[in-house]
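The structure file entry26.txt is reproduced below (compact mmCIF, C-alpha atoms and all ligand atoms).
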# COMPACT_ATOMS: atom_id res chain seq x y z
CA MET A 1 0.00 0.00 0.00
CA PRO A 2 1.21 3.52 -0.74
CA ASN A 3 2.92 5.53 1.96
CA ARG A 4 0.19 8.06 2.85
CA ASN A 5 2.69 10.86 3.28
CA ARG A 6 4.07 10.82 -0.22
CA ARG A 7 1.91 12.17 -2.99
CA ILE A 8 0.40 10.59 -6.10
CA LEU A 9 1.19 11.81 -9.63
CA VAL A 10 -1.07 11.10 -12.60
CA THR A 11 0.51 11.76 -16.01
CA GLY A 12 -1.80 12.03 -19.01
CA ALA A 13 -4.25 13.45 -16.49
CA VAL A 14 -6.29 15.34 -19.10
CA GLY A 15 -6.84 12.21 -21.20
CA GLN A 16 -9.80 9.85 -21.34
CA VAL A 17 -8.78 7.78 -18.29
CA GLY A 18 -7.00 10.54 -16.37
CA THR A 19 -9.98 12.92 -16.21
CA GLU A 20 -11.94 10.24 -14.35
CA LEU A 21 -9.09 8.58 -12.42
CA VAL A 22 -7.88 11.85 -10.87
CA PRO A 23 -11.22 12.64 -9.13
CA ALA A 24 -11.53 9.00 -8.02
CA LEU A 25 -8.07 9.13 -6.42
CA ARG A 26 -8.82 12.51 -4.87
CA ASP A 27 -12.01 11.12 -3.29
CA ARG A 28 -9.92 8.35 -1.81
CA PHE A 29 -6.73 10.13 -0.78
CA GLY A 30 -7.66 13.84 -0.65
CA ALA A 31 -7.47 16.52 -3.36
CA GLU A 32 -4.10 17.95 -2.32
CA HIS A 33 -2.55 14.50 -2.28
CA VAL A 34 -3.03 13.91 -6.02
CA ILE A 35 -1.04 15.93 -8.58
CA ALA A 36 -2.64 15.94 -12.02
CA ALA A 37 -0.10 16.43 -14.83
CA GLY A 38 -1.15 17.16 -18.38
CA HIS A 39 1.06 17.99 -21.34
CA ARG A 40 -0.40 19.54 -24.50
CA THR A 41 -4.13 19.14 -23.98
CA GLN A 42 -5.70 21.95 -21.98
CA PRO A 43 -7.79 20.87 -18.99
CA SER A 44 -11.25 22.27 -18.42
CA GLU A 45 -11.55 25.10 -15.91
CA GLY A 46 -13.27 22.79 -13.44
CA PHE A 47 -10.55 20.16 -13.69
CA ARG A 48 -7.75 22.69 -13.30
CA ASN A 49 -9.31 24.14 -10.18
CA ALA A 50 -10.23 20.86 -8.48
CA GLY A 51 -6.74 20.24 -7.11
CA PRO A 52 -3.03 20.58 -7.89
CA TYR A 53 -2.45 20.74 -11.65
CA THR A 54 0.82 20.99 -13.57
CA THR A 55 2.30 20.05 -16.93
CA VAL A 56 5.10 17.63 -17.69
CA ASP A 57 6.67 16.01 -20.73
CA ALA A 58 7.42 12.56 -19.33
CA THR A 59 9.97 11.90 -22.11
CA ASP A 60 12.09 14.63 -20.47
CA MET A 61 13.90 12.80 -17.69
CA ASP A 62 15.20 15.92 -15.94
CA GLY A 63 11.85 17.70 -16.00
CA LEU A 64 10.08 14.61 -14.71
CA LYS A 65 12.63 14.09 -11.94
CA ALA A 66 12.32 17.69 -10.79
CA LEU A 67 8.53 17.35 -10.65
CA LEU A 68 8.69 14.10 -8.65
CA GLN A 69 11.07 15.69 -6.16
CA GLU A 70 9.23 18.98 -5.91
CA HIS A 71 5.94 17.27 -5.02
CA ASP A 72 7.44 14.40 -3.02
CA ILE A 73 5.78 11.77 -5.22
CA GLY A 74 5.62 8.16 -4.03
CA VAL A 75 3.09 6.71 -6.49
CA ILE A 76 2.79 7.32 -10.24
CA TYR A 77 -0.11 6.46 -12.54
CA HIS A 78 1.65 6.87 -15.85
CA LEU A 79 -1.20 7.28 -18.34
CA ALA A 80 0.45 9.52 -20.97
CA THR A 81 0.39 7.63 -24.29
CA LEU A 82 -0.38 7.71 -27.99
CA LEU A 83 -3.21 5.30 -28.92
CA SER A 84 -3.35 2.81 -31.79
CA ALA A 85 -4.66 4.87 -34.72
CA ASP A 86 -2.47 7.89 -33.93
CA GLY A 87 0.45 5.51 -33.46
CA GLU A 88 0.05 4.27 -37.04
CA LYS A 89 0.17 7.85 -38.31
CA ASP A 90 3.46 8.47 -36.51
CA PRO A 91 5.06 5.21 -35.35
CA GLU A 92 8.35 6.86 -34.43
CA ARG A 93 6.60 9.28 -32.08
CA ALA A 94 4.52 6.45 -30.59
CA TRP A 95 7.72 4.57 -29.76
CA ARG A 96 9.35 7.65 -28.25
CA VAL A 97 6.38 8.79 -26.20
CA ASN A 98 5.07 5.41 -25.07
CA LEU A 99 8.34 3.67 -24.25
CA GLY A 100 10.68 6.60 -23.66
CA SER A 101 8.42 8.01 -21.01
CA LEU A 102 7.83 4.61 -19.40
CA LYS A 103 11.58 3.97 -19.17
CA ASN A 104 11.99 7.35 -17.46
CA VAL A 105 9.21 6.60 -15.00
CA LEU A 106 10.67 3.19 -14.16
CA ASP A 107 14.23 4.46 -13.80
CA LEU A 108 13.11 7.31 -11.56
CA GLY A 109 10.87 4.85 -9.72
CA VAL A 110 13.99 2.93 -8.75
CA GLU A 111 16.18 5.98 -8.11
CA LEU A 112 13.64 7.81 -5.97
CA GLU A 113 12.31 4.62 -4.37
CA MET A 114 8.70 4.96 -5.46
CA ASP A 115 6.15 2.93 -3.52
CA GLN A 116 4.08 1.98 -6.57
CA ILE A 117 3.78 2.54 -10.31
CA PHE A 118 0.66 1.93 -12.43
CA TRP A 119 1.00 1.57 -16.19
CA PRO A 120 -1.88 0.82 -18.55
CA SER A 121 -1.49 -1.86 -21.16
CA SER A 122 -4.14 -2.76 -23.71
CA ILE A 123 -5.89 -5.39 -25.83
CA ALA A 124 -3.52 -4.04 -28.49
CA VAL A 125 -0.79 -6.39 -27.18
CA PHE A 126 -2.63 -9.16 -29.03
CA GLY A 127 -2.50 -9.80 -32.74
CA PRO A 128 -3.90 -12.03 -35.49
CA THR A 129 -2.04 -15.10 -34.18
CA THR A 130 -3.60 -14.75 -30.70
CA PRO A 131 -6.65 -16.90 -29.85
CA ARG A 132 -9.61 -14.57 -30.58
CA VAL A 133 -12.17 -15.75 -28.09
CA ASP A 134 -11.58 -15.77 -24.33
CA THR A 135 -7.97 -14.78 -24.96
CA PRO A 136 -5.94 -16.20 -22.07
CA GLN A 137 -3.73 -14.20 -19.72
CA ARG A 138 -0.61 -15.87 -21.08
CA THR A 139 -0.71 -16.26 -24.84
CA ILE A 140 0.88 -15.25 -28.15
CA LEU A 141 1.70 -11.52 -28.29
CA GLU A 142 2.41 -10.56 -31.91
CA PRO A 143 0.70 -7.19 -32.45
CA THR A 144 0.51 -5.49 -35.84
CA THR A 145 0.45 -1.87 -34.61
CA MET A 146 3.29 0.22 -33.20
CA TYR A 147 1.01 0.97 -30.24
CA GLY A 148 0.74 -2.77 -29.58
CA VAL A 149 4.50 -3.20 -29.99
CA THR A 150 5.10 -0.51 -27.37
CA LYS A 151 2.59 -2.15 -25.03
CA VAL A 152 4.22 -5.60 -25.33
CA ALA A 153 7.68 -4.11 -24.80
CA GLY A 154 6.38 -1.94 -21.96
CA GLU A 155 4.73 -4.88 -20.19
CA ASN A 156 8.01 -6.75 -20.28
CA LEU A 157 9.92 -3.69 -19.11
CA CYS A 158 7.55 -3.38 -16.13
CA ASN A 159 8.02 -7.05 -15.29
CA TYR A 160 11.79 -6.63 -15.58
CA TYR A 161 11.87 -3.70 -13.15
CA PHE A 162 9.81 -5.71 -10.70
CA THR A 163 12.00 -8.82 -10.83
CA ARG A 164 15.32 -6.98 -11.11
CA TYR A 165 14.75 -4.04 -8.76
CA GLY A 166 11.69 -4.99 -6.74
CA LEU A 167 9.78 -1.96 -8.05
CA ASP A 168 6.07 -2.45 -7.30
CA VAL A 169 4.73 -2.00 -10.85
CA ARG A 170 1.16 -3.03 -11.70
CA GLY A 171 -0.73 -2.94 -14.97
CA LEU A 172 -4.01 -3.74 -16.70
CA ARG A 173 -4.76 -4.62 -20.30
CA TYR A 174 -7.65 -2.23 -20.75
CA PRO A 175 -10.31 -3.17 -23.30
CA GLY A 176 -11.68 -0.34 -25.45
CA LEU A 177 -12.93 2.19 -22.89
CA ILE A 178 -16.31 3.89 -23.24
CA SER A 179 -16.80 7.17 -21.40
CA HIS A 180 -18.58 10.51 -21.63
CA GLU A 181 -16.33 12.74 -19.54
CA THR A 182 -13.56 13.11 -22.11
CA PHE A 183 -13.47 12.11 -25.74
CA PRO A 184 -10.82 9.46 -26.53
CA GLY A 185 -8.17 10.57 -28.96
CA GLY A 186 -6.69 8.55 -31.78
CA GLY A 187 -7.85 5.06 -30.80
CA THR A 188 -9.47 2.26 -32.78
CA SER A 189 -12.27 1.67 -30.28
CA ASP A 190 -13.31 5.35 -30.50
CA TYR A 191 -16.40 4.43 -32.57
CA SER A 192 -17.94 3.02 -29.38
CA VAL A 193 -17.93 6.55 -27.91
CA GLU A 194 -18.50 8.60 -31.08
CA ILE A 195 -21.75 6.74 -31.79
CA PHE A 196 -23.42 8.22 -28.69
CA VAL A 197 -22.46 11.80 -29.49
CA ALA A 198 -23.48 11.42 -33.13
CA ALA A 199 -26.80 9.80 -32.14
CA ILE A 200 -27.75 12.70 -29.89
CA GLU A 201 -26.40 15.50 -32.07
CA ARG A 202 -27.44 14.25 -35.50
CA GLY A 203 -29.46 11.06 -35.14
CA HIS A 204 -27.00 9.37 -37.47
CA TYR A 205 -23.54 7.81 -37.25
CA THR A 206 -21.15 6.57 -39.90
CA CYS A 207 -19.12 3.91 -38.14
CA PHE A 208 -15.52 3.31 -39.25
CA VAL A 209 -15.59 -0.45 -38.58
CA ASN A 210 -18.09 -2.92 -40.01
CA ALA A 211 -21.21 -4.07 -38.18
CA ASP A 212 -19.89 -7.49 -37.17
CA THR A 213 -16.68 -6.17 -35.58
CA ALA A 214 -16.57 -7.36 -31.97
CA LEU A 215 -14.08 -6.07 -29.40
CA PRO A 216 -13.65 -6.36 -25.64
CA LEU A 217 -15.12 -3.10 -24.28
CA MET A 218 -15.64 -1.60 -20.84
CA TYR A 219 -17.48 1.34 -19.28
CA MET A 220 -15.11 3.83 -17.67
CA ASP A 221 -16.54 3.40 -14.14
CA ASP A 222 -15.50 -0.25 -14.29
CA ALA A 223 -12.06 0.68 -15.64
CA ILE A 224 -11.51 3.10 -12.75
CA ARG A 225 -12.61 0.49 -10.22
CA ALA A 226 -10.21 -2.01 -11.80
CA THR A 227 -7.35 0.50 -11.66
CA VAL A 228 -7.97 1.43 -8.03
CA GLY A 229 -8.56 -2.25 -7.22
CA VAL A 230 -5.31 -3.61 -8.62
CA MET A 231 -3.33 -0.84 -6.90
CA ALA A 232 -5.05 -1.41 -3.54
CA ALA A 233 -4.42 -5.17 -3.53
CA ASP A 234 -1.89 -6.68 -1.17
CA ALA A 235 1.40 -7.05 -3.11
CA ALA A 236 1.53 -10.75 -2.23
CA ARG A 237 -1.64 -11.29 -4.29
CA ILE A 238 -0.21 -9.79 -7.48
CA SER A 239 1.02 -12.74 -9.53
CA VAL A 240 1.20 -10.88 -12.85
CA ARG A 241 3.72 -8.06 -13.26
CA THR A 242 3.40 -7.65 -17.01
CA SER A 243 -0.29 -6.63 -17.10
CA TYR A 244 -3.60 -8.26 -16.16
CA ASN A 245 -6.36 -9.09 -18.63
CA VAL A 246 -9.47 -7.29 -17.38
CA SER A 247 -12.69 -7.92 -19.20
CA ALA A 248 -16.23 -6.62 -19.01
CA LEU A 249 -18.22 -6.78 -22.24
CA SER A 250 -17.91 -7.99 -25.78
CA PHE A 251 -20.33 -6.81 -28.44
CA THR A 252 -20.30 -5.96 -32.13
CA ALA A 253 -20.62 -2.47 -33.56
CA GLY A 254 -23.96 -3.60 -35.03
CA GLU A 255 -25.24 -4.72 -31.63
CA LEU A 256 -24.21 -1.38 -30.14
CA ALA A 257 -26.00 0.49 -32.93
CA ALA A 258 -29.13 -1.59 -32.29
CA GLU A 259 -29.05 -0.76 -28.55
CA VAL A 260 -28.70 2.95 -29.37
CA SER A 261 -31.55 2.88 -31.92
CA GLY A 262 -33.77 1.27 -29.30
CA ARG A 263 -33.32 4.40 -27.17
CA VAL A 264 -32.84 7.30 -29.62
CA ASP A 265 -35.85 7.78 -31.89
CA GLY A 266 -35.01 7.67 -35.56
CA PHE A 267 -31.31 6.88 -35.04
CA THR A 268 -29.61 5.29 -38.04
CA CYS A 269 -26.11 3.97 -38.47
CA ASP A 270 -24.13 2.97 -41.51
CA PHE A 271 -20.76 1.33 -41.72
CA GLU A 272 -17.83 2.55 -43.80
CA PRO A 273 -14.65 0.80 -42.62
CA ASP A 274 -11.36 2.70 -42.91
CA PHE A 275 -7.78 1.77 -41.94
CA ARG A 276 -8.87 1.12 -38.36
CA GLN A 277 -10.84 -1.95 -39.48
CA ALA A 278 -7.60 -3.91 -39.93
CA ILE A 279 -6.47 -2.88 -36.44
CA ALA A 280 -9.78 -3.95 -34.89
CA ASP A 281 -9.64 -7.23 -36.83
CA SER A 282 -6.24 -8.00 -35.32
CA TRP A 283 -7.57 -7.75 -31.74
CA PRO A 284 -9.55 -10.38 -29.80
CA ASP A 285 -13.33 -10.53 -29.53
CA SER A 286 -13.19 -11.27 -25.80
CA MET A 287 -10.64 -11.83 -23.01
CA ASP A 288 -10.36 -14.33 -20.18
CA ASP A 289 -9.73 -12.32 -17.01
CA SER A 290 -9.95 -15.19 -14.51
CA VAL A 291 -6.44 -14.46 -13.17
CA ALA A 292 -7.42 -10.88 -12.19
CA ARG A 293 -10.65 -12.19 -10.64
CA ARG A 294 -8.74 -14.76 -8.62
CA ASP A 295 -5.79 -12.55 -7.58
CA TRP A 296 -7.49 -9.34 -6.49
CA GLY A 297 -11.21 -9.88 -6.86
CA TRP A 298 -11.87 -8.08 -10.16
CA LYS A 299 -15.51 -8.08 -11.26
CA PRO A 300 -17.20 -5.67 -13.71
CA GLU A 301 -20.58 -4.10 -12.91
CA TYR A 302 -21.92 -2.70 -16.17
CA ASP A 303 -23.65 -4.73 -18.88
CA LEU A 304 -24.54 -3.43 -22.34
CA PRO A 305 -27.99 -1.96 -21.49
CA THR A 306 -26.75 -0.19 -18.32
CA LEU A 307 -23.72 1.10 -20.21
CA VAL A 308 -25.88 2.48 -23.05
CA ASP A 309 -28.24 4.18 -20.57
CA ALA A 310 -25.32 5.71 -18.65
CA MET A 311 -23.66 6.92 -21.84
CA LEU A 312 -26.80 8.50 -23.29
CA ASN A 313 -27.51 10.30 -20.01
CA GLY A 314 -23.89 11.40 -19.66
CA VAL A 315 -23.57 12.64 -23.23
CA ARG A 316 -26.91 14.49 -23.05
CA GLU A 317 -25.69 16.34 -19.96
CA LYS A 318 -22.30 17.00 -21.49
CA LEU A 319 -23.68 18.42 -24.73
CA GLY A 320 -24.76 21.47 -22.79
CA GLY A 321 -21.07 22.02 -22.01
CA ALA A 322 -17.83 21.72 -23.90
CA TRP A 323 -18.25 18.30 -25.49
CA PRO A 324 -16.08 18.07 -28.59
CA ARG A 325 -17.93 17.41 -31.84
CA VAL A 326 -17.20 14.26 -33.82
N1 LIG B 1 -8.68 2.05 -26.99
C1 LIG B 1 -7.35 1.77 -27.49
C2 LIG B 1 -7.25 2.05 -28.92
O1 LIG B 1 -8.24 1.92 -29.59
C3 LIG B 1 -6.99 0.33 -27.23
O2 LIG B 1 -6.15 0.28 -26.15
O3 LIG B 1 -6.22 2.33 -29.40
Any chance you could give the structure as C-alpha cells?
Ligand code: SER
Amino acid sequence: MPNRNRRILVTGAVGQVGTELVPALRDRFGAEHVIAAGHRTQPSEGFRNAGPYTTVDATDMDGLKALLQEHDIGVIYHLATLLSADGEKDPERAWRVNLGSLKNVLDLGVELEMDQIFWPSSIAVFGPTTPRVDTPQRTILEPTTMYGVTKVAGENLCNYYFTRYGLDVRGLRYPGLISHETFPGGGTSDYSVEIFVAAIERGHYTCFVNADTALPLMYMDDAIRATVGVMAADAARISVRTSYNVSALSFTAGELAAEVSGRVDGFTCDFEPDFRQAIADSWPDSMDDSVARRDWGWKPEYDLPTLVDAMLNGVREKLGGAWPRV
C-alpha cells in the first residue's frame, strides 16, 4: 500500500482515463494529495481548479525528476500515451512517447524509491495469431500496430523492473474504454464513444468499422474500479507483473447500434470501414480475465444496457457544455 505521506502523480491526467481517475483518487486520498499532470491538452476550468495541476513532458527525464522531487511523489499512474490509430500515423513518435516516457518513470521509480507505479497496457498487445475468443492471460503476443508493440515491450519492461529491482509496478490490459467525460483521442475503439455523441447530435452515425466487428469493451466506471482495485491489492496477491487481462463486455458495432436505436428515436447507423478496421480485426473478440478475478477480486458491474443508458444520459448532460464534436 502507498505511503500516505508521499503524494500521487497522474501523467496524461487530461486524457480519457485521467480525467476520471484523478477525481476518483482525490475522493480516496484527498485533493491535495493527487497531482494531475497534463502535457499539450488543456484541462477544463473545473478540472484545473479541483486540485493541484501541472504540466510535464514525461519523455524529459530531468523535468520529470524535478517534478517528482518537488511534489514528493511516491506513487505514479503513468497514463500519458499515444493510442493505436495515432500511433500508425506516426510510429516513431509512438515509440518515443510510449516507451521513452515509461523507461523514465521506471528508472526514476527505482532511483527515488517509489512505492508503486501503475501503467496501462491494452488489448492491443494481441494480434492475429492470438486466440480470438476468451484470450488467455498468457498467450501469443504478436501485435501489428506500433502501439501494440510498445505495449508488449512496456509490459516486459515493467516485469523486468519488478524482478530486477523490486519496483512495485502493476498494470491492466484495458479493453476499449467507453466514457462521456472526455473524448478518446486517436484510438481504434473510439467508434464506441463517437456513436453516442453522433446519435444525440445528428441522429445518425457513420461507423468506421463494419457491423460485425466485436471487441472487448468496458465502461469507464469499471475501468476506474479495476485500476484502483489492482493498486489497492496486497502485493503478495499480485502474480502478474506484465499486465492483467481485465474484461467486461464484448459486443459488435452492429449490436451497439441496435441498442442505441432502441433508445434514440429515428437513429440510423451505416458502416464505412477505414484503416482502423484492420487494427480492430487483429484484436480479440473477448478476453479471459480469470487471473485478475482470482488474484485481487476483479468483477465488472456494467452490462450493455446499463452502459448504453449511462452513456446516453452522460452525453446528453455533457452536450450542454464543452463536449467536442465528432
Ligand atoms: N482504446 C485503445 C485504442 O483503440 C486500445 O487500447 O487504441
One-decimal distance in Å that lies between CA of Thr19 (chain A) and CA of Glu155 (chain A):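 If I compute the distance from CA of Glu155 (chain A) to CA of Thr19 (chain A), I get 23.4 Å.
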How close does chain A get to ligand LIG 1 (chain B)? List, as CSV, each residue of chain A within 7 Å, its nearest atom pair and the distance in Å to one decimal, counting all atoms listed in the file.
residue,atom,partner,partner_atom,distance
A:Leu83,CA,B:LIG1,O3,4.3
A:Ser84,CA,B:LIG1,O3,3.8
A:Ala85,CA,B:LIG1,O3,6.1
A:Ser122,CA,B:LIG1,O2,4.4
A:Ile123,CA,B:LIG1,O2,5.7
A:Ala124,CA,B:LIG1,O2,5.6
A:Tyr174,CA,B:LIG1,O2,6.1
A:Pro175,CA,B:LIG1,O2,6.1
A:Gly176,CA,B:LIG1,N1,4.1
A:Leu177,CA,B:LIG1,N1,5.9
A:Gly186,CA,B:LIG1,O3,6.7
A:Gly187,CA,B:LIG1,O1,3.4
A:Thr188,CA,B:LIG1,O1,3.4
A:Ser189,CA,B:LIG1,O1,4.1
A:Asp190,CA,B:LIG1,O1,6.2
field: Interatomic distance (Å, one decimal) between CA of Phe251 (chain A) and CA of Asp295 (chain A)
entry: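 CA of Asp295 (chain A) lies 26.1 Å from CA of Phe251 (chain A).
Using all atoms listed in the file, the smallest distance between any of A:Ile35, A:Leu141, A:Leu312, A:Ala80 and Pro23 (chain A) comes from A:Ile35.
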Shell around Met287 (chain A) at 6 Å using all atoms listed in the file, local window under 2 positions removed, as an mmCIF file with C-alpha atoms, keeping the file's coordinate frame:
data_model
loop_
_atom_site.group_PDB
_atom_site.id
_atom_site.type_symbol
_atom_site.label_atom_id
_atom_site.label_comp_id
_atom_site.auth_asym_id
_atom_site.auth_seq_id
_atom_site.Cartn_x
_atom_site.Cartn_y
_atom_site.Cartn_z
ATOM 1 C CA ASP A 134 -11.580 -15.770 -24.330
ATOM 2 C CA THR A 135 -7.970 -14.780 -24.960
ATOM 3 C CA SER A 247 -12.690 -7.920 -19.200
#
- line: Between CA of Val10 (chain A) and CA of Ile73 (chain A) lies a distance of 10.1 Å
- prompt: Which is closest to Gly63 (chain A) among A:Leu108, A:Gln137, A:Glu272, A:Ala24, if we use all atoms listed in the file?
  reply: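 Smallest distance to Gly63 (chain A) is found for A:Leu108.
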Would you mind completing region 159-173 of chain A so that it carries N, CA and C atoms, and writing it out as a PDB file, keeping the file's coordinate frame?
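Dumped everything to rebuild-v4.pdb:
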ATOM      1  N   ASN A 159       7.715  -5.783 -15.962  1.00  0.00           N
ATOM      2  CA  ASN A 159       8.020  -7.050 -15.290  1.00  0.00           C
ATOM      3  C   ASN A 159       9.503  -7.130 -14.940  1.00  0.00           C
ATOM      4  N   TYR A 160      10.351  -6.631 -15.825  1.00  0.00           N
ATOM      5  CA  TYR A 160      11.790  -6.630 -15.580  1.00  0.00           C
ATOM      6  C   TYR A 160      12.145  -5.769 -14.363  1.00  0.00           C
ATOM      7  N   TYR A 161      11.560  -4.591 -14.275  1.00  0.00           N
ATOM      8  CA  TYR A 161      11.870  -3.700 -13.150  1.00  0.00           C
ATOM      9  C   TYR A 161      11.343  -4.262 -11.830  1.00  0.00           C
ATOM     10  N   PHE A 162      10.286  -5.044 -11.916  1.00  0.00           N
ATOM     11  CA  PHE A 162       9.810  -5.710 -10.700  1.00  0.00           C
ATOM     12  C   PHE A 162      10.788  -6.803 -10.282  1.00  0.00           C
ATOM     13  N   THR A 163      11.156  -7.679 -11.223  1.00  0.00           N
ATOM     14  CA  THR A 163      12.000  -8.820 -10.830  1.00  0.00           C
ATOM     15  C   THR A 163      13.430  -8.369 -10.537  1.00  0.00           C
ATOM     16  N   ARG A 164      13.925  -7.395 -11.293  1.00  0.00           N
ATOM     17  CA  ARG A 164      15.320  -6.980 -11.110  1.00  0.00           C
ATOM     18  C   ARG A 164      15.502  -6.038  -9.918  1.00  0.00           C
ATOM     19  N   TYR A 165      14.558  -5.081  -9.786  1.00  0.00           N
ATOM     20  CA  TYR A 165      14.750  -4.040  -8.760  1.00  0.00           C
ATOM     21  C   TYR A 165      13.706  -4.060  -7.648  1.00  0.00           C
ATOM     22  N   GLY A 166      12.737  -4.935  -7.769  1.00  0.00           N
ATOM     23  CA  GLY A 166      11.690  -4.990  -6.740  1.00  0.00           C
ATOM     24  C   GLY A 166      10.730  -3.818  -6.787  1.00  0.00           C
ATOM     25  N   LEU A 167      10.702  -3.095  -7.926  1.00  0.00           N
ATOM     26  CA  LEU A 167       9.780  -1.960  -8.050  1.00  0.00           C
ATOM     27  C   LEU A 167       8.338  -2.496  -8.150  1.00  0.00           C
ATOM     28  N   ASP A 168       7.446  -1.940  -7.354  1.00  0.00           N
ATOM     29  CA  ASP A 168       6.070  -2.450  -7.300  1.00  0.00           C
ATOM     30  C   ASP A 168       5.253  -1.868  -8.463  1.00  0.00           C
ATOM     31  N   VAL A 169       5.415  -2.470  -9.641  1.00  0.00           N
ATOM     32  CA  VAL A 169       4.730  -2.000 -10.850  1.00  0.00           C
ATOM     33  C   VAL A 169       3.523  -2.893 -11.114  1.00  0.00           C
ATOM     34  N   ARG A 170       2.392  -2.271 -11.424  1.00  0.00           N
ATOM     35  CA  ARG A 170       1.160  -3.030 -11.700  1.00  0.00           C
ATOM     36  C   ARG A 170       0.511  -2.506 -12.976  1.00  0.00           C
ATOM     37  N   GLY A 171      -0.125  -3.389 -13.716  1.00  0.00           N
ATOM     38  CA  GLY A 171      -0.730  -2.940 -14.970  1.00  0.00           C
ATOM     39  C   GLY A 171      -1.977  -3.721 -15.331  1.00  0.00           C
ATOM     40  N   LEU A 172      -2.786  -3.111 -16.193  1.00  0.00           N
ATOM     41  CA  LEU A 172      -4.010  -3.740 -16.700  1.00  0.00           C
ATOM     42  C   LEU A 172      -4.020  -3.642 -18.222  1.00  0.00           C
ATOM     43  N   ARG A 173      -4.489  -4.705 -18.861  1.00  0.00           N
ATOM     44  CA  ARG A 173      -4.760  -4.620 -20.300  1.00  0.00           C
ATOM     45  C   ARG A 173      -6.180  -4.129 -20.468  1.00  0.00           C
TER      46      ARG A 173
END
